[in-house]
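Here is input27.pdb, consisting of PDB, C-alpha atoms:
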MODEL        1
ATOM      1  CA  MET R  57      32.255 -61.674  -6.579
ATOM      2  CA  THR R  58      34.728 -59.298  -8.175
ATOM      3  CA  LEU R  59      32.843 -59.504 -11.479
ATOM      4  CA  LEU R  60      29.596 -58.722  -9.689
ATOM      5  CA  ARG R  61      31.111 -55.600  -8.124
ATOM      6  CA  LYS R  62      32.419 -54.411 -11.495
ATOM      7  CA  ASN R  63      29.021 -54.851 -13.078
ATOM      8  CA  PHE R  64      27.372 -52.973 -10.182
ATOM      9  CA  PHE R  65      29.729 -49.975 -10.467
ATOM     10  CA  THR R  66      29.332 -49.981 -14.238
ATOM     11  CA  PHE R  67      25.550 -49.789 -13.770
ATOM     12  CA  LEU R  68      25.923 -46.848 -11.346
ATOM     13  CA  LEU R  69      28.135 -44.957 -13.798
ATOM     14  CA  PHE R  70      25.549 -45.512 -16.502
ATOM     15  CA  LEU R  71      22.825 -43.985 -14.293
ATOM     16  CA  CYS R  72      25.025 -40.968 -13.523
ATOM     17  CA  SER R  73      25.757 -40.385 -17.186
ATOM     18  CA  CYS R  74      22.031 -40.472 -17.942
ATOM     19  CA  GLY R  75      21.461 -37.863 -15.257
ATOM     20  CA  VAL R  76      24.175 -35.621 -16.675
ATOM     21  CA  PHE R  77      22.877 -35.665 -20.233
ATOM     22  CA  SER R  78      19.159 -35.377 -19.371
ATOM     23  CA  GLN R  79      17.617 -31.870 -19.668
ATOM     24  CA  THR R  80      14.864 -30.131 -17.782
ATOM     25  CA  THR R  81      12.097 -28.127 -19.475
ATOM     26  CA  ILE R  82      12.137 -24.528 -18.273
ATOM     27  CA  LEU R  83      10.613 -21.253 -19.421
ATOM     28  CA  LYS R  84      12.261 -17.981 -18.516
ATOM     29  CA  GLY R  85      12.283 -14.309 -19.474
ATOM     30  CA  LYS R  86      12.897 -10.798 -18.237
ATOM     31  CA  ILE R  87      10.323  -8.025 -17.779
ATOM     32  CA  VAL R  88      11.455  -4.433 -18.362
ATOM     33  CA  SER R  89       9.776  -1.063 -18.655
ATOM     34  CA  ASN R  90       8.898  -0.077 -22.200
ATOM     35  CA  LEU R  91       9.745   3.541 -21.364
ATOM     36  CA  THR R  92      13.018   3.300 -19.443
ATOM     37  CA  GLY R  93      14.222  -0.254 -20.062
ATOM     38  CA  GLN R  94      14.608  -0.770 -16.304
ATOM     39  CA  PRO R  95      13.735  -4.224 -14.886
ATOM     40  CA  LEU R  96      10.371  -4.518 -13.159
ATOM     41  CA  GLU R  97       9.991  -6.652 -10.072
ATOM     42  CA  ARG R  98       6.906  -8.224  -8.475
ATOM     43  CA  ILE R  99       5.112  -8.522 -11.811
ATOM     44  CA  THR R 100       2.765 -11.497 -12.029
ATOM     45  CA  VAL R 101       3.521 -13.974 -14.836
ATOM     46  CA  ARG R 102       0.941 -16.682 -15.462
ATOM     47  CA  LEU R 103       0.784 -19.703 -17.752
ATOM     48  CA  GLU R 104      -2.843 -19.553 -18.821
ATOM     49  CA  GLU R 105      -3.329 -23.196 -19.826
ATOM     50  CA  GLN R 106      -1.880 -24.805 -16.706
ATOM     51  CA  GLU R 107      -2.745 -21.971 -14.272
ATOM     52  CA  GLU R 108       0.754 -21.668 -12.861
ATOM     53  CA  ILE R 109       1.942 -18.312 -11.480
ATOM     54  CA  VAL R 110       5.364 -16.873 -10.663
ATOM     55  CA  MET R 111       6.585 -13.369  -9.791
ATOM     56  CA  SER R 112       9.412 -11.462 -11.447
ATOM     57  CA  GLN R 113      12.511 -10.945  -9.310
ATOM     58  CA  PHE R 114      14.368  -7.711  -8.494
ATOM     59  CA  ASP R 115      16.227  -7.954 -11.808
ATOM     60  CA  GLY R 116      13.004  -8.502 -13.755
ATOM     61  CA  THR R 117      13.639 -12.201 -14.451
ATOM     62  CA  PHE R 118      11.128 -14.999 -13.982
ATOM     63  CA  LEU R 119      11.393 -18.787 -14.282
ATOM     64  CA  PHE R 120       8.939 -21.651 -14.716
ATOM     65  CA  GLN R 121      10.237 -25.088 -13.750
ATOM     66  CA  HIS R 122       8.801 -28.027 -15.699
ATOM     67  CA  PRO R 123       6.137 -26.223 -17.745
ATOM     68  CA  ALA R 124       3.989 -28.420 -19.966
ATOM     69  CA  PRO R 125       5.403 -28.596 -23.517
ATOM     70  CA  GLY R 126       3.347 -27.279 -26.403
ATOM     71  CA  GLU R 127       1.408 -24.118 -27.150
ATOM     72  CA  GLN R 128       1.059 -21.881 -24.097
ATOM     73  CA  THR R 129      -0.271 -18.397 -23.359
ATOM     74  CA  VAL R 130       1.944 -16.297 -21.099
ATOM     75  CA  VAL R 131       0.027 -13.537 -19.318
ATOM     76  CA  ILE R 132       1.933 -10.635 -17.709
ATOM     77  CA  LEU R 133      -0.097  -8.429 -15.413
ATOM     78  CA  SER R 134       0.064  -6.172 -12.366
ATOM     79  CA  PRO R 135      -1.922  -3.244 -10.945
ATOM     80  CA  GLU R 136       0.621  -0.798 -12.408
ATOM     81  CA  THR R 137       1.084  -2.164 -15.948
ATOM     82  CA  GLU R 138      -0.954  -2.985 -18.986
ATOM     83  CA  THR R 139      -1.739  -6.685 -19.341
ATOM     84  CA  VAL R 140       0.386  -8.469 -21.955
ATOM     85  CA  PHE R 141      -0.573 -11.763 -23.655
ATOM     86  CA  LEU R 142       2.150 -13.810 -25.369
ATOM     87  CA  ARG R 143       1.664 -17.017 -27.363
ATOM     88  CA  THR R 144       4.694 -19.283 -27.335
ATOM     89  CA  THR R 145       5.641 -22.879 -28.059
ATOM     90  CA  ILE R 146       7.428 -24.602 -25.195
ATOM     91  CA  LEU R 147       9.907 -27.243 -26.346
ATOM     92  CA  SER R 148      10.339 -30.321 -24.220
ATOM     93  CA  ASP R 149      13.666 -30.862 -22.430
ATOM     94  CA  ALA R 150      14.907 -27.419 -23.481
ATOM     95  CA  GLU R 151      15.628 -23.989 -22.053
ATOM     96  CA  ASN R 152      12.905 -21.786 -23.527
ATOM     97  CA  ASP R 153      13.943 -18.135 -23.254
ATOM     98  CA  LEU R 154      11.423 -15.401 -24.057
ATOM     99  CA  GLY R 155      14.116 -12.730 -23.748
ATOM    100  CA  GLU R 156      13.197  -9.177 -22.713
ATOM    101  CA  ILE R 157       9.486  -8.492 -22.514
ATOM    102  CA  ARG R 158       8.730  -4.758 -22.547
ATOM    103  CA  VAL R 159       5.562  -3.650 -20.773
ATOM    104  CA  SER R 160       3.959  -0.216 -20.500
ATOM    105  CA  LEU R 161       2.585   1.508 -17.447
ATOM    106  CA  ASP R 162      -1.197   1.562 -17.430
ATOM    107  CA  ARG R 163      -2.105   5.272 -17.664
ATOM    108  CA  ARG R 164      -5.471   4.735 -16.045
ATOM    109  CA  LYS R 165      -3.891   3.055 -13.048
ATOM    110  CA  ASN R 166      -0.979   5.458 -12.607
ATOM    111  CA  LEU R 167      -2.739   8.778 -12.426
ATOM    112  CA  LEU R 168      -1.395   9.252  -8.919
ATOM    113  CA  ASN R 169       2.173   9.316 -10.227
ATOM    114  CA  GLU R 170       1.277  11.740 -13.000
ATOM    115  CA  SER R 171      -0.547  14.108 -10.701
ATOM    116  CA  ALA R 172       2.445  14.101  -8.359
ATOM    117  CA  LEU R 173       4.364  15.807 -11.162
ATOM    118  CA  VAL R 174       1.572  18.284 -11.735
ATOM    119  CA  LEU R 175       1.509  19.165  -8.047
ATOM    120  CA  ILE R 176       5.005  20.666  -8.336
ATOM    121  CA  ASP R 177       3.808  23.163 -10.904
ATOM    122  CA  GLU R 178       3.208  26.614  -9.396
ATOM    123  CA  GLU R 179      -0.219  26.888  -7.789
ATOM    124  CA  SER R 180      -1.729  23.912  -9.595
ATOM    125  CA  ILE R 181      -3.233  21.085  -7.635
ATOM    126  CA  GLY R 182      -3.246  18.345 -10.245
ATOM    127  CA  GLU R 183      -5.887  17.470 -12.757
ATOM    128  CA  GLU R 184      -6.022  13.724 -12.529
ATOM    129  CA  ASP R 185      -7.617  11.331 -10.054
ATOM    130  CA  SER R 186      -5.397  11.665  -6.972
ATOM    131  CA  TRP R 187      -7.986  13.945  -5.457
ATOM    132  CA  ASN R 188      -7.498  12.786  -1.880
ATOM    133  CA  ASP R 189      -4.109  14.530  -1.779
ATOM    134  CA  MET R 190      -5.532  17.880  -2.834
ATOM    135  CA  ASN R 191      -5.339  20.916  -0.642
ATOM    136  CA  ILE R 192      -8.400  23.127  -0.478
ATOM    137  CA  SER R 193      -6.558  26.182   0.766
ATOM    138  CA  SER R 194      -4.396  26.564  -2.318
ATOM    139  CA  LEU R 195      -7.576  27.729  -4.020
ATOM    140  CA  MET R 196      -7.479  30.650  -1.645
ATOM    141  CA  THR R 197      -3.960  31.841  -2.485
ATOM    142  CA  ASN R 198      -5.126  35.206  -3.769
ATOM    143  CA  SER R 199      -7.626  35.796  -1.007
ATOM    144  CA  ASN R 200      -7.731  38.960   1.073
ATOM    145  CA  ASP R 201      -8.031  36.735   4.129
ATOM    146  CA  ILE R 202      -4.587  36.682   5.796
ATOM    147  CA  TYR R 203      -4.969  33.138   7.128
ATOM    148  CA  LEU R 204      -6.206  31.702   3.837
ATOM    149  CA  SER R 205      -3.552  33.479   1.801
ATOM    150  CA  ASN R 206      -0.637  32.365   3.946
ATOM    151  CA  SER R 207      -1.828  28.835   4.613
ATOM    152  CA  GLY R 208      -2.686  28.362   0.947
ATOM    153  CA  TYR R 209       0.672  29.508  -0.375
ATOM    154  CA  ASN R 210       3.150  28.559   2.338
ATOM    155  CA  PHE R 211       1.613  25.252   3.347
ATOM    156  CA  SER R 212       0.405  24.002  -0.048
ATOM    157  CA  ALA R 213       3.650  22.073  -0.590
ATOM    158  CA  MET R 214       2.761  19.989   2.486
ATOM    159  CA  ARG R 215      -0.715  19.234   1.049
ATOM    160  CA  PHE R 216      -2.285  21.427   3.714
ATOM    161  CA  ARG R 217      -6.066  21.170   3.731
ATOM    162  CA  PHE R 218      -8.268  23.918   5.046
ATOM    163  CA  ARG R 219      -9.956  22.481   8.148
ATOM    164  CA  GLY R 220      -9.071  19.007   6.807
ATOM    165  CA  TYR R 221     -11.676  19.166   4.034
ATOM    166  CA  ASP R 222     -10.926  17.484   0.716
ATOM    167  CA  TYR R 223     -11.767  18.791  -2.760
ATOM    168  CA  ARG R 224     -15.424  17.756  -2.680
ATOM    169  CA  TYR R 225     -16.210  20.535  -0.235
ATOM    170  CA  SER R 226     -14.964  23.438  -2.349
ATOM    171  CA  SER R 227     -15.980  24.967  -5.670
ATOM    172  CA  THR R 228     -14.146  27.020  -8.270
ATOM    173  CA  TYR R 229     -16.004  29.383 -10.573
ATOM    174  CA  ILE R 230     -14.937  31.310 -13.663
ATOM    175  CA  ASN R 231     -16.977  34.466 -14.176
ATOM    176  CA  GLY R 232     -19.699  33.101 -11.920
ATOM    177  CA  VAL R 233     -19.979  29.725 -13.678
ATOM    178  CA  ASN R 234     -19.101  26.592 -11.703
ATOM    179  CA  PHE R 235     -16.169  24.842 -13.398
ATOM    180  CA  ASN R 236     -15.863  21.869 -11.050
ATOM    181  CA  ASP R 237     -15.641  18.656 -13.028
ATOM    182  CA  ALA R 238     -19.104  17.067 -13.144
ATOM    183  CA  GLU R 239     -17.697  13.542 -12.946
ATOM    184  CA  ARG R 240     -14.831  13.884 -10.476
ATOM    185  CA  GLY R 241     -16.084  16.821  -8.486
ATOM    186  CA  GLY R 242     -12.904  18.921  -8.346
ATOM    187  CA  PHE R 243     -11.546  21.743 -10.430
ATOM    188  CA  SER R 244      -8.832  20.811 -12.966
ATOM    189  CA  PHE R 245      -6.181  23.488 -12.649
ATOM    190  CA  GLY R 246      -4.541  22.161 -15.781
ATOM    191  CA  LEU R 247      -7.240  24.082 -17.670
ATOM    192  CA  ILE R 248      -5.509  27.342 -16.745
ATOM    193  CA  GLY R 249      -1.930  26.058 -16.513
ATOM    194  CA  GLY R 250       0.624  28.839 -16.939
ATOM    195  CA  LEU R 251      -2.011  31.581 -17.195
ATOM    196  CA  ASN R 252      -1.249  32.989 -13.757
ATOM    197  CA  ASP R 253      -1.456  36.620 -14.826
ATOM    198  CA  ALA R 254      -4.726  36.143 -16.688
ATOM    199  CA  THR R 255      -6.406  34.316 -13.797
ATOM    200  CA  ARG R 256      -5.008  36.386 -10.955
ATOM    201  CA  ASN R 257      -8.258  38.283 -10.274
ATOM    202  CA  ARG R 258     -10.010  36.043  -7.781
ATOM    203  CA  ASP R 259     -12.679  36.391  -5.152
ATOM    204  CA  ALA R 260     -12.220  33.828  -2.378
ATOM    205  CA  VAL R 261     -14.696  33.092   0.390
ATOM    206  CA  GLY R 262     -13.923  30.675   3.182
ATOM    207  CA  ALA R 263     -16.312  28.120   4.623
ATOM    208  CA  LEU R 264     -19.987  29.103   4.504
ATOM    209  CA  GLN R 265     -19.549  32.851   4.432
ATOM    210  CA  PRO R 266     -21.844  34.738   2.049
ATOM    211  CA  ALA R 267     -20.636  35.205  -1.528
ATOM    212  CA  SER R 268     -22.001  37.286  -4.387
ATOM    213  CA  PHE R 269     -21.687  34.488  -6.968
ATOM    214  CA  THR R 270     -22.886  31.380  -5.090
ATOM    215  CA  TYR R 271     -24.390  30.063  -1.877
ATOM    216  CA  GLY R 272     -20.999  28.946  -0.587
ATOM    217  CA  GLN R 273     -19.393  25.640   0.301
ATOM    218  CA  THR R 274     -18.095  24.024   3.477
ATOM    219  CA  GLY R 275     -14.529  24.127   2.146
ATOM    220  CA  GLY R 276     -14.862  27.574   0.578
ATOM    221  CA  VAL R 277     -15.454  28.920  -2.928
ATOM    222  CA  VAL R 278     -13.344  30.850  -5.431
ATOM    223  CA  ASN R 279     -14.457  32.900  -8.408
ATOM    224  CA  ILE R 280     -11.837  33.628 -11.113
ATOM    225  CA  ASN R 281     -12.748  36.866 -12.859
ATOM    226  CA  THR R 282     -11.504  36.933 -16.463
ATOM    227  CA  SER R 283     -13.710  39.765 -17.710
ATOM    228  CA  ALA R 284     -11.531  42.064 -19.817
ATOM    229  CA  GLY R 285     -12.906  45.148 -18.090
ATOM    230  CA  SER R 286     -11.600  43.967 -14.719
ATOM    231  CA  PHE R 287      -7.937  44.128 -15.833
ATOM    232  CA  ALA R 288      -5.916  47.246 -15.173
ATOM    233  CA  PRO R 289      -4.640  48.864 -18.382
ATOM    234  CA  GLY R 290      -1.057  48.142 -19.309
ATOM    235  CA  GLY R 291       1.265  45.259 -20.090
ATOM    236  CA  ARG R 292       3.445  42.824 -18.257
ATOM    237  CA  ILE R 293       6.272  40.535 -19.424
ATOM    238  CA  GLY R 294       7.892  37.890 -17.273
ATOM    239  CA  ALA R 295      10.552  35.190 -17.546
ATOM    240  CA  ALA R 296      11.648  32.522 -15.105
ATOM    241  CA  TYR R 297      14.184  29.732 -14.818
ATOM    242  CA  THR R 298      13.418  26.841 -12.462
ATOM    243  CA  ASN R 299      14.561  23.330 -11.620
ATOM    244  CA  ARG R 300      11.119  21.811 -11.258
ATOM    245  CA  ASN R 301       8.690  20.451 -13.871
ATOM    246  CA  TYR R 302       9.956  22.896 -16.489
ATOM    247  CA  LYS R 303      13.179  24.854 -16.862
ATOM    248  CA  LEU R 304      12.063  27.976 -18.697
ATOM    249  CA  ARG R 305       8.887  30.009 -18.517
ATOM    250  CA  GLY R 306       7.948  33.097 -20.486
ATOM    251  CA  SER R 307       4.712  35.044 -20.171
ATOM    252  CA  ALA R 308       3.158  38.220 -21.487
ATOM    253  CA  LEU R 309      -0.096  40.035 -20.692
ATOM    254  CA  TYR R 310      -1.596  43.176 -22.160
ATOM    255  CA  SER R 311      -4.907  44.829 -21.319
ATOM    256  CA  THR R 312      -6.538  47.976 -22.637
ATOM    257  CA  GLY R 313      -8.700  48.449 -19.582
ATOM    258  CA  LEU R 314     -12.213  49.793 -19.981
ATOM    259  CA  MET R 315     -12.038  52.365 -22.769
ATOM    260  CA  SER R 316     -14.290  55.399 -23.239
ATOM    261  CA  ASN R 317     -16.405  53.536 -25.823
ATOM    262  CA  GLY R 318     -17.262  50.819 -23.304
ATOM    263  CA  TRP R 319     -14.996  48.196 -24.833
ATOM    264  CA  ALA R 320     -12.149  46.344 -23.124
ATOM    265  CA  PHE R 321      -9.652  43.839 -24.504
ATOM    266  CA  SER R 322      -7.123  41.621 -22.771
ATOM    267  CA  GLY R 323      -4.744  38.939 -23.975
ATOM    268  CA  SER R 324      -2.075  36.717 -22.475
ATOM    269  CA  LEU R 325       0.431  34.172 -23.776
ATOM    270  CA  ALA R 326       2.592  31.819 -21.717
ATOM    271  CA  TYR R 327       5.039  29.093 -22.623
ATOM    272  CA  ARG R 328       6.805  26.573 -20.395
ATOM    273  CA  TRP R 329       9.491  24.170 -21.576
ATOM    274  CA  ALA R 330      12.069  21.619 -20.420
ATOM    275  CA  ASP R 331      14.067  19.009 -22.310
ATOM    276  CA  GLU R 332      14.264  17.175 -18.996
ATOM    277  CA  GLY R 333      12.466  18.286 -15.860
ATOM    278  CA  PHE R 334      13.121  17.682 -12.169
ATOM    279  CA  VAL R 335      12.322  13.981 -12.656
ATOM    280  CA  GLU R 336      14.850  12.272 -14.926
ATOM    281  CA  GLY R 337      13.481  11.138 -18.256
ATOM    282  CA  THR R 338      10.568  13.577 -18.271
ATOM    283  CA  PHE R 339      10.098  16.541 -20.578
ATOM    284  CA  TYR R 340       7.707  19.492 -20.480
ATOM    285  CA  ASN R 341       6.081  21.443 -23.278
ATOM    286  CA  SER R 342       3.133  23.675 -22.400
ATOM    287  CA  LEU R 343       1.404  26.599 -24.052
ATOM    288  CA  GLY R 344      -1.114  28.928 -22.399
ATOM    289  CA  ILE R 345      -3.413  31.183 -24.425
ATOM    290  CA  PHE R 346      -5.940  33.698 -23.131
ATOM    291  CA  PHE R 347      -8.083  36.299 -24.866
ATOM    292  CA  GLY R 348     -10.964  38.284 -23.448
ATOM    293  CA  THR R 349     -13.192  41.082 -24.633
ATOM    294  CA  GLU R 350     -16.021  42.911 -22.898
ATOM    295  CA  LYS R 351     -18.610  45.472 -23.893
ATOM    296  CA  GLN R 352     -20.099  47.457 -21.041
ATOM    297  CA  PHE R 353     -23.464  48.973 -21.888
ATOM    298  CA  ASN R 354     -24.101  50.689 -18.544
ATOM    299  CA  ASP R 355     -23.317  50.285 -14.865
ATOM    300  CA  HIS R 356     -25.504  47.197 -14.613
ATOM    301  CA  HIS R 357     -25.179  45.417 -17.959
ATOM    302  CA  SER R 358     -22.214  44.122 -19.916
ATOM    303  CA  LEU R 359     -21.402  41.330 -22.334
ATOM    304  CA  SER R 360     -18.071  39.514 -22.169
ATOM    305  CA  PHE R 361     -16.307  36.771 -24.114
ATOM    306  CA  THR R 362     -13.396  34.719 -22.820
ATOM    307  CA  PHE R 363     -11.216  32.185 -24.628
ATOM    308  CA  LEU R 364      -8.513  30.244 -22.835
ATOM    309  CA  GLY R 365      -6.575  27.059 -23.343
ATOM    310  CA  ALA R 366      -3.511  25.344 -21.923
ATOM    311  CA  PRO R 367      -2.383  22.390 -24.049
ATOM    312  CA  THR R 368       0.413  20.560 -22.230
TER     313      THR R 368
ENDMDL
END
Taking this structure as input, can you express it in the form of structure tokens?
Amino acid sequence: MTLLRKNFFTFLLFLCSCGVFSQTTILKGKIVSNLTGQPLERITVRLEEQEEIVMSQFDGTFLFQHPAPGEQTVVILSPETETVFLRTTILSDAENDLGEIRVSLDRRKNLLNESALVLIDEESIGEEDSWNDMNISSLMTNSNDIYLSNSGYNFSAMRFRFRGYDYRYSSTYINGVNFNDAERGGFSFGLIGGLNDATRNRDAVGALQPASFTYGQTGGVVNINTSAGSFAPGGRIGAAYTNRNYKLRGSALYSTGLMSNGWAFSGSLAYRWADEGFVEGTFYNSLGIFFGTEKQFNDHHSLSFTFLGAPT
């Protein structure tokens, strides 16, 4: 009986030792941002061949228990990142570590975040696809209408919308030509970024009131007049220091006004820069160029040319 007990306990110890030395097949890794190196949570990780899915944790790590050994395709995807495909060989009874996997934000899917940065910039509204957050009234900042001027400037930071209308119900013109984007419907203020002095001459009409350059819109219309003859003669130089998108801004404008020979010339240059803006890790480098010339033949006829650009 004693011998039987010894043999039984010996058998149990043998089973325990087998359990200690046996290994489990696992696959793990860590997902981080390619830009900042910060861990990304709630990112979907899928084993393509066996259709198993896990989510990354708050520290960016993920873990597959008992994945099938052999060649596998690891797919990393989410609505905010570009999809990543990784081919790997999973070893049986081993800890397979993919290490840090760096993924990039999908630019097409993160336009809302980008436009949020643009919204901080002076009178701009943002030139990407977050159109639902736009405020119509900021188009009216330079209007002679007291309500439109004050609501557009003072309330624009709160995304104030004139009568609740979104961008689709307003139009922005430059010298009588509609510059609303044909595909998205709104005006991209990034086209004139930094050129505040050169685009200051504006005619704003609210709602469906009559306008000399269009039939009007429910949300109002604005015409930016860049004809060289409309600028008062003289020059202007400005400099600013801010703690927003950019740190430094310099601008210059000079106009001849309408001369006795019927010609007028106007030019403007602006530059905005920051090694790091209001949002950590971001930089800003923007140039604004404007040149206009106009020949007035008589009181009713003139020919004008305007060149402007704002690479950012």
Atomic distance CA of Ser268 in chain R - CA of Ser226 in chain R, expressed in Å with one decimal: 15.7 Å
task: Can you turn the PyMOL selection byres ((chain R and resi 254-264) around 6) into a concrete residue list for this file, as number ranges by chain?
output: R: 196, 199, 251-253, 265, 272-281
- prompt: Exactly which residues make up the result of the PyMOL selection byres ((chain R and resi 349-361) around 10) on this file, given as a PyMOL selection string?
  reply: chain R and resi 231+282-286+311-315+317-323+347-348+362-363
- request: Report as a list in words the residues that result from applying the PyMOL selection byres ((chain R and resi 127-144) around 8) to the structure here.
  value: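 Taken on the displayed file, the PyMOL selection byres ((chain R and resi 127-144) around 8) yields the residues Ile99, Thr100, Val101, Arg102, Leu103, Glu104, Glu105, Pro125, Gly126, Thr145, Ile146, Val159, Ser160, Leu161, Asp162, Lys165 and Asn166 of chain R.
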- prompt: For Lys86 in chain R, which residue out of R:Asp149, R:Thr368, R:Met111, R:Leu154 is the nearest one, using all atoms listed in the file?
  reply: R:Leu154
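With CA of Leu364 in chain R on one side and CA of Tyr271 in chain R on the other, the separation reads 26.3 Å.
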- request: Mind giving me the straight-line distance from CA of Arg292 in chain R to CA of Phe346 in chain R in Å, one decimal?
  value: 14.0 Å
R:Glu239, R:Glu108, R:Glu332, R:Asp115 ranked by distance to Gln94 in chain R, top pick (using only C-alpha atoms):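 Among R:Glu239, R:Glu108, R:Glu332, R:Asp115, it is R:Asp115 that comes nearest to Gln94 in chain R.
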Could N, CA and C atoms be built for range 326-340 of chain R and written out as a compact mmCIF listing (two decimals), in the coordinates of the input?
# COMPACT_ATOMS: atom_id res chain seq x y z
N ALA R 326 1.58 32.40 -22.61
CA ALA R 326 2.59 31.82 -21.72
C ALA R 326 3.14 30.55 -22.34
N TYR R 327 4.41 30.30 -22.10
CA TYR R 327 5.04 29.09 -22.62
C TYR R 327 6.01 28.55 -21.58
N ARG R 328 5.93 27.24 -21.36
CA ARG R 328 6.80 26.57 -20.40
C ARG R 328 7.45 25.38 -21.09
N TRP R 329 8.77 25.19 -20.82
CA TRP R 329 9.49 24.17 -21.58
C TRP R 329 10.62 23.57 -20.75
N ALA R 330 10.90 22.29 -21.00
CA ALA R 330 12.07 21.62 -20.42
C ALA R 330 12.39 20.40 -21.27
N ASP R 331 13.67 20.24 -21.64
CA ASP R 331 14.07 19.01 -22.31
C ASP R 331 14.07 17.85 -21.33
N GLU R 332 14.38 18.15 -20.08
CA GLU R 332 14.26 17.18 -19.00
C GLU R 332 13.97 17.93 -17.72
N GLY R 333 12.88 17.57 -17.06
CA GLY R 333 12.47 18.29 -15.86
C GLY R 333 13.17 17.79 -14.61
N PHE R 334 12.56 18.06 -13.46
CA PHE R 334 13.12 17.68 -12.17
C PHE R 334 13.24 16.17 -12.06
N VAL R 335 12.29 15.44 -12.64
CA VAL R 335 12.32 13.98 -12.66
C VAL R 335 13.03 13.53 -13.92
N GLU R 336 14.06 12.71 -13.79
CA GLU R 336 14.85 12.27 -14.93
C GLU R 336 13.97 11.53 -15.93
N GLY R 337 14.22 11.81 -17.19
CA GLY R 337 13.48 11.14 -18.26
C GLY R 337 12.18 11.81 -18.63
N THR R 338 11.82 12.89 -17.95
CA THR R 338 10.57 13.58 -18.27
C THR R 338 10.87 14.87 -19.01
N PHE R 339 9.97 15.26 -19.88
CA PHE R 339 10.10 16.54 -20.58
C PHE R 339 8.83 17.35 -20.35
N TYR R 340 8.86 18.62 -20.72
CA TYR R 340 7.71 19.49 -20.48
C TYR R 340 7.57 20.44 -21.65
